[in-house]
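Structure file query-v5.csv; described as CSV, C-alpha atoms.
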```csv
chain,number,residue,atom,x,y,z
A,1353,MET,CA,-42.9,-55.1,11.4
A,1354,THR,CA,-41.6,-55.4,14.9
A,1355,SER,CA,-38.4,-53.7,15.9
A,1356,LYS,CA,-35.1,-55.4,15.7
A,1357,ARG,CA,-34.8,-55.6,19.4
A,1358,GLY,CA,-38.2,-57.4,19.6
A,1359,ASP,CA,-37.0,-59.9,17.1
A,1360,GLY,CA,-33.9,-60.7,19.1
A,1361,ARG,CA,-36.0,-61.2,22.3
A,1362,ALA,CA,-38.4,-63.5,20.5
A,1363,ALA,CA,-35.4,-65.4,19.0
A,1364,LEU,CA,-34.0,-65.8,22.5
A,1365,LEU,CA,-37.3,-67.0,23.8
A,1366,TYR,CA,-37.4,-69.6,21.0
A,1367,LEU,CA,-33.9,-70.8,22.0
A,1368,VAL,CA,-34.8,-71.3,25.6
A,1369,PRO,CA,-36.3,-74.9,25.4
A,1370,ALA,CA,-33.4,-76.2,23.4
A,1371,GLY,CA,-31.0,-74.4,25.7
A,1372,VAL,CA,-32.6,-75.9,28.8
A,1373,VAL,CA,-32.3,-79.4,27.3
A,1374,LEU,CA,-28.7,-78.9,26.2
A,1375,LEU,CA,-27.7,-77.5,29.6
A,1376,ALA,CA,-29.4,-80.3,31.5
A,1377,LEU,CA,-28.0,-83.0,29.3
A,1378,MET,CA,-24.5,-81.7,28.7
A,1379,ALA,CA,-23.5,-79.2,31.4
A,1380,TYR,CA,-24.8,-81.1,34.4
A,1381,PRO,CA,-22.6,-84.3,33.9
A,1382,ILE,CA,-19.6,-82.0,33.4
A,1383,TYR,CA,-20.5,-80.1,36.5
A,1384,GLN,CA,-20.8,-83.4,38.5
A,1385,LEU,CA,-17.4,-84.5,37.1
A,1386,VAL,CA,-15.8,-81.3,38.3
A,1387,VAL,CA,-17.4,-81.6,41.7
A,1388,ILE,CA,-16.3,-85.2,42.2
A,1389,SER,CA,-12.8,-84.3,41.2
A,1390,LEU,CA,-12.6,-81.9,44.1
A,1391,PHE,CA,-13.3,-84.6,46.7
A,1392,ASP,CA,-11.5,-87.6,48.1
A,1393,TYR,CA,-14.2,-89.9,46.6
A,1394,GLY,CA,-13.6,-93.6,46.8
A,1395,GLN,CA,-15.7,-96.7,47.4
A,1396,PRO,CA,-16.3,-96.0,51.1
A,1397,GLN,CA,-17.6,-92.5,50.2
A,1398,ALA,CA,-19.7,-93.7,47.4
A,1399,SER,CA,-21.5,-96.3,49.6
A,1400,GLY,CA,-21.8,-93.7,52.4
A,1401,ALA,CA,-19.5,-95.6,54.9
A,1402,ALA,CA,-17.1,-92.7,55.2
A,1403,PRO,CA,-17.7,-89.0,55.2
A,1404,LEU,CA,-16.8,-86.9,52.1
A,1405,VAL,CA,-13.6,-84.9,52.5
A,1406,PHE,CA,-13.2,-81.8,50.4
A,1407,LEU,CA,-9.7,-81.8,48.9
A,1408,GLY,CA,-9.8,-78.7,46.7
A,1409,PHE,CA,-7.2,-79.2,44.0
A,1410,ASP,CA,-5.2,-82.0,45.7
A,1411,ASN,CA,-6.4,-84.6,43.1
A,1412,TYR,CA,-5.1,-82.3,40.4
A,1413,VAL,CA,-1.8,-81.7,42.2
A,1414,ASP,CA,-1.4,-85.5,42.6
A,1415,LEU,CA,-2.2,-86.1,39.0
A,1416,LEU,CA,0.2,-83.4,37.6
A,1417,SER,CA,3.0,-84.6,39.8
A,1418,ASP,CA,2.5,-88.3,38.7
A,1419,PRO,CA,5.2,-89.1,36.1
A,1420,GLN,CA,3.0,-91.9,34.8
A,1421,PHE,CA,0.3,-89.3,33.8
A,1422,TRP,CA,2.8,-87.4,31.7
A,1423,ASP,CA,4.0,-90.7,30.0
A,1424,VAL,CA,0.4,-91.7,29.2
A,1425,LEU,CA,-0.5,-88.2,28.0
A,1426,GLY,CA,2.5,-88.2,25.6
A,1427,THR,CA,1.6,-91.7,24.4
A,1428,THR,CA,-2.1,-90.7,23.9
A,1429,VAL,CA,-1.2,-87.6,21.9
A,1430,VAL,CA,1.1,-89.5,19.5
A,1431,PHE,CA,-1.2,-92.5,19.2
A,1432,ALA,CA,-4.3,-90.3,18.6
A,1433,GLY,CA,-2.2,-88.2,16.1
A,1434,VAL,CA,-1.3,-91.4,14.1
A,1435,CYS,CA,-4.9,-92.6,14.1
A,1436,VAL,CA,-6.2,-89.2,13.0
A,1437,VAL,CA,-3.7,-88.8,10.2
A,1438,GLY,CA,-4.3,-92.4,9.2
A,1439,SER,CA,-8.1,-92.1,9.0
A,1440,LEU,CA,-7.9,-88.7,7.1
A,1441,VAL,CA,-5.4,-89.9,4.6
A,1442,VAL,CA,-7.1,-93.3,3.9
A,1443,GLY,CA,-10.6,-91.7,4.0
A,1444,THR,CA,-9.7,-88.8,1.6
A,1445,ALA,CA,-7.8,-91.1,-0.8
A,1446,LEU,CA,-10.6,-93.5,-1.0
A,1447,ALA,CA,-13.1,-90.7,-1.5
A,1448,VAL,CA,-11.1,-89.5,-4.5
A,1449,LEU,CA,-10.9,-93.1,-5.7
A,1450,ALA,CA,-14.6,-93.6,-5.3
A,1451,SER,CA,-15.4,-90.4,-7.2
A,1452,ARG,CA,-13.4,-91.7,-10.2
A,1453,ALA,CA,-14.7,-95.3,-10.1
A,1454,ARG,CA,-17.7,-96.6,-12.0
A,1455,ALA,CA,-21.0,-97.3,-10.1
A,1456,ALA,CA,-20.6,-101.0,-9.3
A,1457,PRO,CA,-17.1,-100.9,-7.8
A,1458,ARG,CA,-18.0,-97.7,-6.0
A,1459,LEU,CA,-21.1,-99.4,-4.5
A,1460,LEU,CA,-19.0,-102.3,-3.3
A,1461,LEU,CA,-16.5,-99.9,-1.6
A,1462,PHE,CA,-19.3,-98.0,0.1
A,1463,LEU,CA,-21.0,-101.2,1.3
A,1464,ALA,CA,-17.7,-102.5,2.8
A,1465,ALA,CA,-16.9,-99.1,4.4
A,1466,LEU,CA,-20.4,-98.8,5.9
A,1467,GLY,CA,-20.2,-102.3,7.2
A,1468,ALA,CA,-16.9,-101.5,8.9
A,1469,TRP,CA,-18.4,-98.3,10.3
A,1470,ALA,CA,-21.6,-100.0,11.6
A,1471,THR,CA,-19.7,-102.9,13.3
A,1472,PRO,CA,-20.0,-102.5,17.1
A,1473,THR,CA,-16.6,-101.4,18.5
A,1474,MET,CA,-16.4,-104.5,20.7
A,1475,ALA,CA,-17.1,-106.9,17.9
A,1476,GLY,CA,-14.7,-105.2,15.6
A,1477,SER,CA,-11.9,-105.3,18.2
A,1478,TYR,CA,-12.4,-109.0,18.8
A,1479,VAL,CA,-12.6,-109.9,15.2
A,1480,TRP,CA,-9.3,-108.2,14.6
A,1481,LEU,CA,-7.8,-109.9,17.7
A,1482,PHE,CA,-9.0,-113.3,16.3
A,1483,LEU,CA,-7.5,-112.6,12.9
A,1484,PHE,CA,-4.1,-111.6,14.5
A,1485,ASP,CA,-4.2,-114.3,17.2
A,1486,GLN,CA,-0.9,-115.7,18.2
A,1487,ASP,CA,-1.8,-119.4,17.6
A,1488,PHE,CA,-5.3,-119.4,16.0
A,1489,GLY,CA,-5.1,-116.4,13.8
A,1490,LEU,CA,-5.5,-116.5,10.0
A,1491,VAL,CA,-2.8,-113.8,9.5
A,1492,ASN,CA,0.0,-115.8,11.2
A,1493,GLU,CA,-1.2,-119.0,9.4
A,1494,THR,CA,-1.2,-117.3,6.0
A,1495,LEU,CA,2.2,-115.7,6.6
A,1496,ALA,CA,3.7,-119.0,7.8
A,1497,SER,CA,2.3,-120.8,4.7
A,1498,LEU,CA,3.9,-118.1,2.5
A,1499,GLY,CA,7.3,-119.0,3.8
A,1500,PHE,CA,7.6,-116.7,6.9
A,1501,GLY,CA,7.8,-119.7,9.3
A,1502,GLY,CA,8.9,-117.4,12.1
A,1503,MET,CA,5.5,-115.8,12.2
A,1504,ARG,CA,3.9,-119.0,13.6
A,1505,GLY,CA,3.2,-118.3,17.3
A,1506,HIS,CA,4.2,-114.6,16.8
A,1507,SER,CA,2.3,-112.4,19.3
A,1508,TRP,CA,1.2,-109.1,17.7
A,1509,THR,CA,0.1,-107.6,21.1
A,1510,PHE,CA,3.2,-108.5,23.2
A,1511,GLU,CA,5.5,-105.8,21.9
A,1512,ARG,CA,4.5,-102.2,22.6
A,1513,PHE,CA,4.7,-100.7,19.1
A,1514,SER,CA,3.3,-103.8,17.4
A,1515,ALA,CA,0.3,-103.7,19.8
A,1516,PHE,CA,-0.3,-100.0,19.1
A,1517,GLY,CA,0.0,-100.6,15.4
A,1518,LEU,CA,-2.6,-103.4,15.5
A,1519,VAL,CA,-5.0,-101.2,17.5
A,1520,ALA,CA,-4.3,-98.2,15.2
A,1521,GLY,CA,-5.2,-100.5,12.2
A,1522,GLU,CA,-8.5,-101.4,13.8
A,1523,ILE,CA,-9.3,-97.8,14.6
A,1524,VAL,CA,-8.5,-96.6,11.1
A,1525,TRP,CA,-10.6,-99.4,9.7
A,1526,CYS,CA,-13.7,-98.3,11.6
A,1527,SER,CA,-13.2,-94.5,11.4
A,1528,PHE,CA,-12.1,-93.9,7.8
A,1529,PRO,CA,-15.6,-94.5,6.5
A,1530,PHE,CA,-16.9,-91.3,8.2
A,1531,VAL,CA,-14.1,-89.3,6.5
A,1532,MET,CA,-14.6,-91.1,3.2
A,1533,VAL,CA,-18.4,-90.4,3.1
A,1534,THR,CA,-18.0,-86.8,4.2
A,1535,MET,CA,-15.2,-86.1,1.6
A,1536,TYR,CA,-17.1,-87.9,-1.1
A,1537,ALA,CA,-20.1,-85.8,-0.5
A,1538,GLY,CA,-17.9,-82.7,-0.7
A,1539,ILE,CA,-16.2,-83.8,-3.9
A,1540,LYS,CA,-19.6,-84.5,-5.5
A,1541,ALA,CA,-20.9,-81.1,-4.4
A,1542,ILE,CA,-18.2,-79.1,-6.3
A,1543,PRO,CA,-20.0,-77.4,-9.2
A,1544,GLY,CA,-18.9,-78.6,-12.6
A,1545,GLU,CA,-18.7,-75.0,-13.9
A,1546,VAL,CA,-15.9,-74.2,-11.4
A,1547,LEU,CA,-13.8,-77.1,-12.7
A,1548,GLU,CA,-14.6,-76.2,-16.3
A,1549,ALA,CA,-13.6,-72.6,-15.7
A,1550,ALA,CA,-10.3,-73.8,-14.1
A,1551,ALA,CA,-9.7,-76.0,-17.2
A,1552,LEU,CA,-10.5,-73.2,-19.6
A,1553,ASP,CA,-8.0,-70.9,-17.8
A,1554,GLY,CA,-5.4,-73.6,-18.4
A,1555,ALA,CA,-4.9,-74.7,-14.8
A,1556,SER,CA,-2.9,-77.9,-14.5
A,1557,ALA,CA,-4.5,-80.9,-12.7
A,1558,ARG,CA,-2.3,-80.2,-9.7
A,1559,ARG,CA,-3.2,-76.5,-9.5
A,1560,THR,CA,-6.9,-77.4,-9.8
A,1561,ALA,CA,-6.5,-79.8,-6.9
A,1562,THR,CA,-4.6,-77.5,-4.6
A,1563,GLU,CA,-6.2,-74.2,-5.5
A,1564,VAL,CA,-9.7,-75.0,-6.5
A,1565,ILE,CA,-10.8,-78.3,-5.0
A,1566,LEU,CA,-9.0,-78.1,-1.7
A,1567,PRO,CA,-10.3,-74.7,-0.6
A,1568,ILE,CA,-13.8,-75.8,-1.4
A,1569,LEU,CA,-13.3,-78.9,0.7
A,1570,ARG,CA,-11.5,-77.2,3.5
A,1571,PRO,CA,-14.6,-76.7,5.8
A,1572,LEU,CA,-15.6,-80.4,5.4
A,1573,LEU,CA,-12.0,-81.5,6.0
A,1574,MET,CA,-12.0,-79.4,9.2
A,1575,ILE,CA,-15.1,-81.1,10.5
A,1576,ALA,CA,-13.7,-84.5,9.7
A,1577,THR,CA,-10.5,-83.6,11.5
A,1578,ILE,CA,-12.1,-82.3,14.6
A,1579,GLN,CA,-14.3,-85.3,14.8
A,1580,SER,CA,-11.4,-87.7,14.4
A,1581,ILE,CA,-9.3,-85.8,17.0
A,1582,ILE,CA,-12.1,-86.0,19.6
A,1583,TRP,CA,-12.8,-89.7,18.9
A,1584,ASP,CA,-9.2,-90.9,18.8
A,1585,PHE,CA,-8.1,-88.8,21.8
A,1586,LYS,CA,-10.9,-90.4,23.8
A,1587,VAL,CA,-10.3,-94.0,22.5
A,1588,PHE,CA,-11.1,-96.6,25.1
A,1589,THR,CA,-12.7,-99.8,23.9
A,1590,GLN,CA,-10.2,-100.8,21.3
A,1591,ILE,CA,-7.2,-100.3,23.6
A,1592,TYR,CA,-9.0,-101.9,26.6
A,1593,VAL,CA,-10.1,-105.0,24.6
A,1594,MET,CA,-7.2,-105.5,22.3
A,1595,THR,CA,-4.3,-104.9,24.7
A,1596,ASN,CA,-6.3,-106.5,27.6
A,1597,GLY,CA,-6.6,-103.3,29.7
A,1598,GLY,CA,-3.5,-101.4,28.7
A,1599,GLY,CA,-1.0,-104.0,27.6
A,1600,VAL,CA,1.9,-105.7,29.4
A,1601,ALA,CA,2.7,-103.6,32.5
A,1602,GLY,CA,0.5,-100.8,31.2
A,1603,GLN,CA,2.7,-100.2,28.1
A,1604,ASN,CA,-0.3,-99.5,25.9
A,1605,LEU,CA,-2.2,-97.2,28.3
A,1606,VAL,CA,-4.0,-94.2,26.9
A,1607,LEU,CA,-5.6,-91.5,29.0
A,1608,ASN,CA,-9.1,-92.9,29.0
A,1609,VAL,CA,-8.0,-96.4,30.0
A,1610,PHE,CA,-5.7,-94.8,32.5
A,1611,ALA,CA,-8.7,-92.9,34.0
A,1612,TYR,CA,-10.7,-96.1,34.1
A,1613,GLN,CA,-8.0,-98.1,35.8
A,1614,LYS,CA,-7.5,-95.3,38.4
A,1615,ALA,CA,-11.2,-94.6,38.9
A,1616,PHE,CA,-12.8,-98.1,38.9
A,1617,ALA,CA,-10.0,-100.7,39.2
A,1618,GLY,CA,-8.3,-98.5,41.9
A,1619,GLU,CA,-11.6,-97.1,43.3
A,1620,GLN,CA,-10.3,-93.5,43.3
A,1621,TYR,CA,-13.3,-91.9,41.7
A,1622,GLY,CA,-12.2,-88.4,42.6
A,1623,PHE,CA,-8.7,-88.9,41.0
A,1624,GLY,CA,-10.3,-90.5,37.9
A,1625,ALA,CA,-12.7,-87.5,37.6
A,1626,ALA,CA,-9.7,-85.2,37.7
A,1627,ILE,CA,-8.2,-87.1,34.7
A,1628,GLY,CA,-11.6,-86.7,33.0
A,1629,VAL,CA,-11.6,-82.9,33.6
A,1630,VAL,CA,-8.0,-82.6,32.4
A,1631,MET,CA,-8.9,-84.5,29.2
A,1632,THR,CA,-11.9,-82.4,28.5
A,1633,VAL,CA,-9.9,-79.2,28.9
A,1634,LEU,CA,-7.1,-80.6,26.7
A,1635,LEU,CA,-9.5,-81.6,24.0
A,1636,LEU,CA,-11.2,-78.1,24.0
A,1637,MET,CA,-7.7,-76.5,23.8
A,1638,ILE,CA,-6.6,-78.7,20.9
A,1639,THR,CA,-9.8,-78.2,19.0
A,1640,GLY,CA,-9.8,-74.5,19.6
A,1641,LEU,CA,-6.2,-74.1,18.4
A,1642,TYR,CA,-7.0,-76.2,15.3
A,1643,VAL,CA,-10.1,-74.1,14.4
A,1644,ARG,CA,-8.1,-70.9,14.8
A,1645,ALA,CA,-5.2,-72.2,12.7
A,1646,GLN,CA,-7.6,-73.1,10.0
A,1647,ARG,CA,-9.2,-69.7,10.1
A,1648,GLY,CA,-5.8,-68.2,9.5
A,1649,VAL,CA,-5.3,-70.3,6.4
A,1650,ARG,CA,-8.4,-69.0,4.8
B,866,MET,CA,-8.1,-93.4,-20.5
B,867,ARG,CA,-10.0,-96.8,-20.6
B,868,ARG,CA,-7.1,-98.6,-19.0
B,869,GLY,CA,-7.0,-95.9,-16.3
B,870,GLN,CA,-10.7,-96.5,-15.6
B,871,LEU,CA,-10.0,-100.2,-15.3
B,872,VAL,CA,-7.2,-99.7,-12.8
B,873,VAL,CA,-9.4,-97.4,-10.7
B,874,ASP,CA,-12.3,-99.9,-10.7
B,875,VAL,CA,-10.0,-102.9,-9.8
B,876,ALA,CA,-8.4,-100.9,-7.0
B,877,CYS,CA,-11.8,-100.1,-5.7
B,878,VAL,CA,-13.0,-103.7,-5.7
B,879,VAL,CA,-9.7,-105.0,-4.1
B,880,ILE,CA,-9.9,-102.4,-1.3
B,881,ALA,CA,-13.5,-103.1,-0.7
B,882,ALA,CA,-12.6,-106.8,-0.3
B,883,VAL,CA,-9.8,-106.0,2.2
B,884,VAL,CA,-12.1,-103.7,4.2
B,885,ALA,CA,-14.9,-106.2,4.2
B,886,PHE,CA,-12.7,-109.2,5.2
B,887,PRO,CA,-13.0,-108.7,9.0
B,888,LEU,CA,-16.8,-108.4,8.5
B,889,TYR,CA,-16.7,-111.7,6.5
B,890,TRP,CA,-14.7,-113.2,9.3
B,891,MET,CA,-17.2,-112.0,11.9
B,892,VAL,CA,-20.1,-113.7,10.0
B,893,LEU,CA,-18.0,-116.8,9.4
B,894,SER,CA,-17.2,-117.1,13.2
B,895,ALA,CA,-20.9,-116.8,13.9
B,896,LEU,CA,-21.6,-119.7,11.6
B,897,LYS,CA,-18.7,-122.0,12.5
B,898,PRO,CA,-19.3,-124.9,14.9
B,899,ALA,CA,-18.1,-124.1,18.5
B,900,GLY,CA,-14.9,-126.1,18.3
B,901,GLU,CA,-13.8,-124.5,15.0
B,902,VAL,CA,-13.8,-120.8,15.9
B,903,GLN,CA,-10.4,-121.0,17.6
B,904,SER,CA,-8.6,-123.8,15.9
B,905,ALA,CA,-4.9,-124.4,15.3
B,906,ASN,CA,-5.6,-124.6,11.6
B,907,PRO,CA,-7.8,-121.6,10.8
B,908,LYS,CA,-9.6,-121.7,7.5
B,909,PRO,CA,-11.5,-118.9,5.7
B,910,TRP,CA,-14.5,-121.2,5.2
B,911,THR,CA,-16.3,-123.8,7.1
B,912,GLY,CA,-17.5,-127.3,6.1
B,913,ALA,CA,-20.2,-127.5,8.7
B,914,PRO,CA,-22.0,-124.2,9.0
B,915,THR,CA,-24.4,-124.1,11.8
B,916,PHE,CA,-26.9,-121.6,13.3
B,917,ASP,CA,-26.2,-123.0,16.8
B,918,SER,CA,-24.7,-119.7,18.0
B,919,PHE,CA,-27.6,-117.7,16.7
B,920,ARG,CA,-30.0,-120.1,18.4
B,921,ARG,CA,-28.1,-119.8,21.7
B,922,VAL,CA,-28.1,-116.0,21.5
B,923,LEU,CA,-31.8,-115.9,20.7
B,924,ASP,CA,-33.0,-118.6,23.1
B,925,VAL,CA,-30.7,-118.9,26.0
B,926,GLU,CA,-29.5,-115.4,26.5
B,927,ASN,CA,-31.8,-112.4,27.3
B,928,PHE,CA,-31.5,-111.2,23.7
B,929,GLY,CA,-35.0,-109.9,23.5
B,930,LEU,CA,-34.7,-107.8,26.6
B,931,TYR,CA,-31.3,-106.3,25.5
B,932,PHE,CA,-32.6,-105.6,22.0
B,933,VAL,CA,-35.6,-103.7,23.4
B,934,ASN,CA,-33.3,-101.8,25.8
B,935,SER,CA,-31.1,-100.7,22.9
B,936,LEU,CA,-34.2,-99.9,20.8
B,937,VAL,CA,-35.7,-97.7,23.5
B,938,VAL,CA,-32.4,-95.9,24.1
B,939,ALA,CA,-31.9,-95.3,20.4
B,940,VAL,CA,-35.4,-94.0,19.8
B,941,VAL,CA,-35.3,-91.7,22.8
B,942,VAL,CA,-31.9,-90.3,21.8
B,943,VAL,CA,-32.9,-89.7,18.2
B,944,ALA,CA,-36.3,-88.2,19.2
B,945,LEU,CA,-34.7,-85.8,21.7
B,946,SER,CA,-31.8,-84.8,19.4
B,947,LEU,CA,-34.3,-84.1,16.6
B,948,ALA,CA,-36.8,-82.4,18.8
B,949,GLY,CA,-34.2,-80.1,20.3
B,950,PRO,CA,-33.4,-78.2,17.1
B,951,CYS,CA,-37.1,-78.2,16.2
B,952,TRP,CA,-38.2,-76.2,19.2
B,953,SER,CA,-35.7,-73.4,18.5
```

Final structure tokens representation of the file:
Amino acid sequence: MTSKRGDGRAALLYLVPAGVVLLALMAYPIYQLVVISLFDYGQPQASGAAPLVFLGFDNYVDLLSDPQFWDVLGTTVVFAGVCVVGSLVVGTALAVLASRARAAPRLLLFLAALGAWATPTMAGSYVWLFLFDQDFGLVNETLASLGFGGMRGHSWTFERFSAFGLVAGEIVWCSFPFVMVTMYAGIKAIPGEVLEAAALDGASARRTATEVILPILRPLLMIATIQSIIWDFKVFTQIYVMTNGGGVAGQNLVLNVFAYQKAFAGEQYGFGAAIGVVMTVLLLMITGLYVRAQRGVR
Amino acid sequence: MRRGQLVVDVACVVIAAVVAFPLYWMVLSALKPAGEVQSANPKPWTGAPTFDSFRRVLDVENFGLYFVNSLVVAVVVVALSLAGPCWS
């Protein structure tokens, strides 16, 4: 037997290859992002026509003193929150439903959910736009034929909250399957003896749910929540496609689309990179706080 | 108990249909003739299904190249993310 210290050193050595790959693949792009955010980096600098000027934190000062940034940040937090809660509630509810259903209906539900999950984001966004199209959409057509004549020619994406609602619907549609599959696996993994013991002790269905099932599922729920927060905070494609780049006068901008508009439409790569860094830091903070809060509960 | 089971099963099927409807619409749009995809009178079926869109995608566009590109990226990413944990 080797000593404990020797084991640790060997373990470290084994970790080196994976660590190198991880560092190269993950740390380097973030490092580049931070570096670019410290420069006045636009199209002339990118093509080498103008010299690079080191700005220090000027991009960040500009960003934090831009009232539009704070507006967009607030919108993004609320919008992502709605999408996260929506995906979690729908996904968990359907996981419970699937665990109670018989095999054939359950198979149908899983096939549909996996189909929605597998649909490319771009295709999903366009199909939803088609369905809710002002003049050519099936939804308006159906509503009109049901007696809501006013819905003919109604635009779902013109008004701010209506547009956000439509996009949120599409996002929940394509992200609840992940939550559903995860939670379904968790429900199926609960040992029958535990539930039997609870029943023998005379626990009500409600107490069984809140004090036996929920604590067992909590780690899974946490993973699903963190995943959803990260996905929905970074949402880009759905907003970009469905509101045509951020909606009328930018009313539907979220941070990622805002960063894209600044960095690429406005050719301020340094400023856009600063938005990216701020987003990364915010996401780390939100996730960290959430993990800590969950640890407190247990 | 048996009625409860029926309610659960029916709910399951109905929700599956709602979730799958946009998928159905995607497939339907792919099969509709060009003029019918965006029409003032949208119908959830088509009288003249056609593979024209598929033919165009497969023939005219660089579909093969893009498919191979995606395949290469996917294989490399999966291989690297599986190999990473294996080394450690």

Could you make a table, as CSV, of the residues of chain A that have an atom within 9 Å of an atom of chain B, each with its nearest atom pair and distance in Å to one decimal, counting all atoms listed in the file, in chain and number order?
```
residue,atom,partner,partner_atom,distance
A:Ala1363,CA,B:Ser953,CA,8.0
A:Leu1364,CA,B:Ser953,CA,8.8
A:Leu1365,CA,B:Ser953,CA,8.5
A:Tyr1366,CA,B:Ser953,CA,4.9
A:Leu1367,CA,B:Ser953,CA,4.7
A:Val1368,CA,B:Ser953,CA,7.5
A:Pro1369,CA,B:Trp952,CA,6.6
A:Ala1370,CA,B:Gly949,CA,5.0
A:Gly1371,CA,B:Gly949,CA,8.5
A:Val1373,CA,B:Gly949,CA,7.3
A:Leu1374,CA,B:Gly949,CA,8.2
A:Leu1446,CA,B:Cys877,CA,8.2
A:Leu1449,CA,B:Val873,CA,6.8
A:Ala1450,CA,B:Cys877,CA,7.1
A:Arg1452,CA,B:Val873,CA,7.0
A:Ala1453,CA,B:Asp874,CA,5.2
A:Arg1454,CA,B:Asp874,CA,6.5
A:Ala1456,CA,B:Asp874,CA,8.5
A:Pro1457,CA,B:Val878,CA,5.4
A:Arg1458,CA,B:Cys877,CA,6.7
A:Leu1460,CA,B:Ala881,CA,6.1
A:Leu1461,CA,B:Ala881,CA,4.5
A:Phe1462,CA,B:Ala881,CA,7.8
A:Leu1463,CA,B:Ala881,CA,8.0
A:Ala1464,CA,B:Ala885,CA,4.8
A:Ala1465,CA,B:Val884,CA,6.7
A:Gly1467,CA,B:Leu888,CA,7.1
A:Ala1468,CA,B:Leu888,CA,6.9
A:Thr1471,CA,B:Leu888,CA,7.9
A:Ala1475,CA,B:Met891,CA,7.9
A:Gly1476,CA,B:Pro887,CA,7.7
A:Tyr1478,CA,B:Met891,CA,8.9
A:Val1479,CA,B:Met891,CA,6.0
A:Trp1480,CA,B:Pro887,CA,6.7
A:Phe1482,CA,B:Gln903,CA,7.9
A:Leu1483,CA,B:Pro887,CA,7.8
A:Asp1487,CA,B:Ala905,CA,6.3
A:Phe1488,CA,B:Ala905,CA,5.1
A:Gly1489,CA,B:Pro907,CA,6.6
A:Leu1490,CA,B:Pro907,CA,5.7
A:Glu1493,CA,B:Pro907,CA,7.2
A:Trp1525,CA,B:Val884,CA,7.1
```

Let me see the file: selected residues, C-alpha atoms, as an mmCIF file, in the coordinates of the input.
```cif
data_model
loop_
_atom_site.group_PDB
_atom_site.id
_atom_site.type_symbol
_atom_site.label_atom_id
_atom_site.label_comp_id
_atom_site.auth_asym_id
_atom_site.auth_seq_id
_atom_site.Cartn_x
_atom_site.Cartn_y
_atom_site.Cartn_z
ATOM 1 C CA ALA A 1363 -35.400 -65.400 19.000
ATOM 2 C CA LEU A 1364 -34.000 -65.800 22.500
ATOM 3 C CA LEU A 1365 -37.300 -67.000 23.800
ATOM 4 C CA TYR A 1366 -37.400 -69.600 21.000
ATOM 5 C CA LEU A 1367 -33.900 -70.800 22.000
ATOM 6 C CA VAL A 1368 -34.800 -71.300 25.600
ATOM 7 C CA PRO A 1369 -36.300 -74.900 25.400
ATOM 8 C CA ALA A 1370 -33.400 -76.200 23.400
ATOM 9 C CA GLY A 1371 -31.000 -74.400 25.700
ATOM 10 C CA VAL A 1373 -32.300 -79.400 27.300
ATOM 11 C CA LEU A 1374 -28.700 -78.900 26.200
ATOM 12 C CA LEU A 1446 -10.600 -93.500 -1.000
ATOM 13 C CA LEU A 1449 -10.900 -93.100 -5.700
ATOM 14 C CA ALA A 1450 -14.600 -93.600 -5.300
ATOM 15 C CA ARG A 1452 -13.400 -91.700 -10.200
ATOM 16 C CA ALA A 1453 -14.700 -95.300 -10.100
ATOM 17 C CA ARG A 1454 -17.700 -96.600 -12.000
ATOM 18 C CA ALA A 1456 -20.600 -101.000 -9.300
ATOM 19 C CA PRO A 1457 -17.100 -100.900 -7.800
ATOM 20 C CA ARG A 1458 -18.000 -97.700 -6.000
ATOM 21 C CA LEU A 1460 -19.000 -102.300 -3.300
ATOM 22 C CA LEU A 1461 -16.500 -99.900 -1.600
ATOM 23 C CA PHE A 1462 -19.300 -98.000 0.100
ATOM 24 C CA LEU A 1463 -21.000 -101.200 1.300
ATOM 25 C CA ALA A 1464 -17.700 -102.500 2.800
ATOM 26 C CA ALA A 1465 -16.900 -99.100 4.400
ATOM 27 C CA GLY A 1467 -20.200 -102.300 7.200
ATOM 28 C CA ALA A 1468 -16.900 -101.500 8.900
ATOM 29 C CA THR A 1471 -19.700 -102.900 13.300
ATOM 30 C CA ALA A 1475 -17.100 -106.900 17.900
ATOM 31 C CA GLY A 1476 -14.700 -105.200 15.600
ATOM 32 C CA TYR A 1478 -12.400 -109.000 18.800
ATOM 33 C CA VAL A 1479 -12.600 -109.900 15.200
ATOM 34 C CA TRP A 1480 -9.300 -108.200 14.600
ATOM 35 C CA PHE A 1482 -9.000 -113.300 16.300
ATOM 36 C CA LEU A 1483 -7.500 -112.600 12.900
ATOM 37 C CA ASP A 1487 -1.800 -119.400 17.600
ATOM 38 C CA PHE A 1488 -5.300 -119.400 16.000
ATOM 39 C CA GLY A 1489 -5.100 -116.400 13.800
ATOM 40 C CA LEU A 1490 -5.500 -116.500 10.000
ATOM 41 C CA GLU A 1493 -1.200 -119.000 9.400
ATOM 42 C CA TRP A 1525 -10.600 -99.400 9.700
#
```

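Comparing A:Phe1421, A:Phe1484, A:Phe1528, A:Trp1469 by their smallest distance to Phe1610 (chain A), the closest is A:Phe1421 (using only C-alpha atoms).
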
Exercise. Tell me, as a PyMOL selection string, which residues lie within 8 Å of Gly1505 (chain A), counting all atoms listed in the file; anything in the same chain fewer than 3 positions away does not count.
Key: chain A and resi 1486-1487+1492+1502

Okay, now the selection with C-alpha atoms, as a short mmCIF file (atom, residue, chain, number, x, y, z; two decimals), in the coordinates of the input?
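Written file, selection.cif:
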```cif
data_model
loop_
_atom_site.label_atom_id
_atom_site.label_comp_id
_atom_site.auth_asym_id
_atom_site.auth_seq_id
_atom_site.Cartn_x
_atom_site.Cartn_y
_atom_site.Cartn_z
CA GLN A 1486 -0.90 -115.70 18.20
CA ASP A 1487 -1.80 -119.40 17.60
CA ASN A 1492 0.00 -115.80 11.20
CA GLY A 1502 8.90 -117.40 12.10
#
```
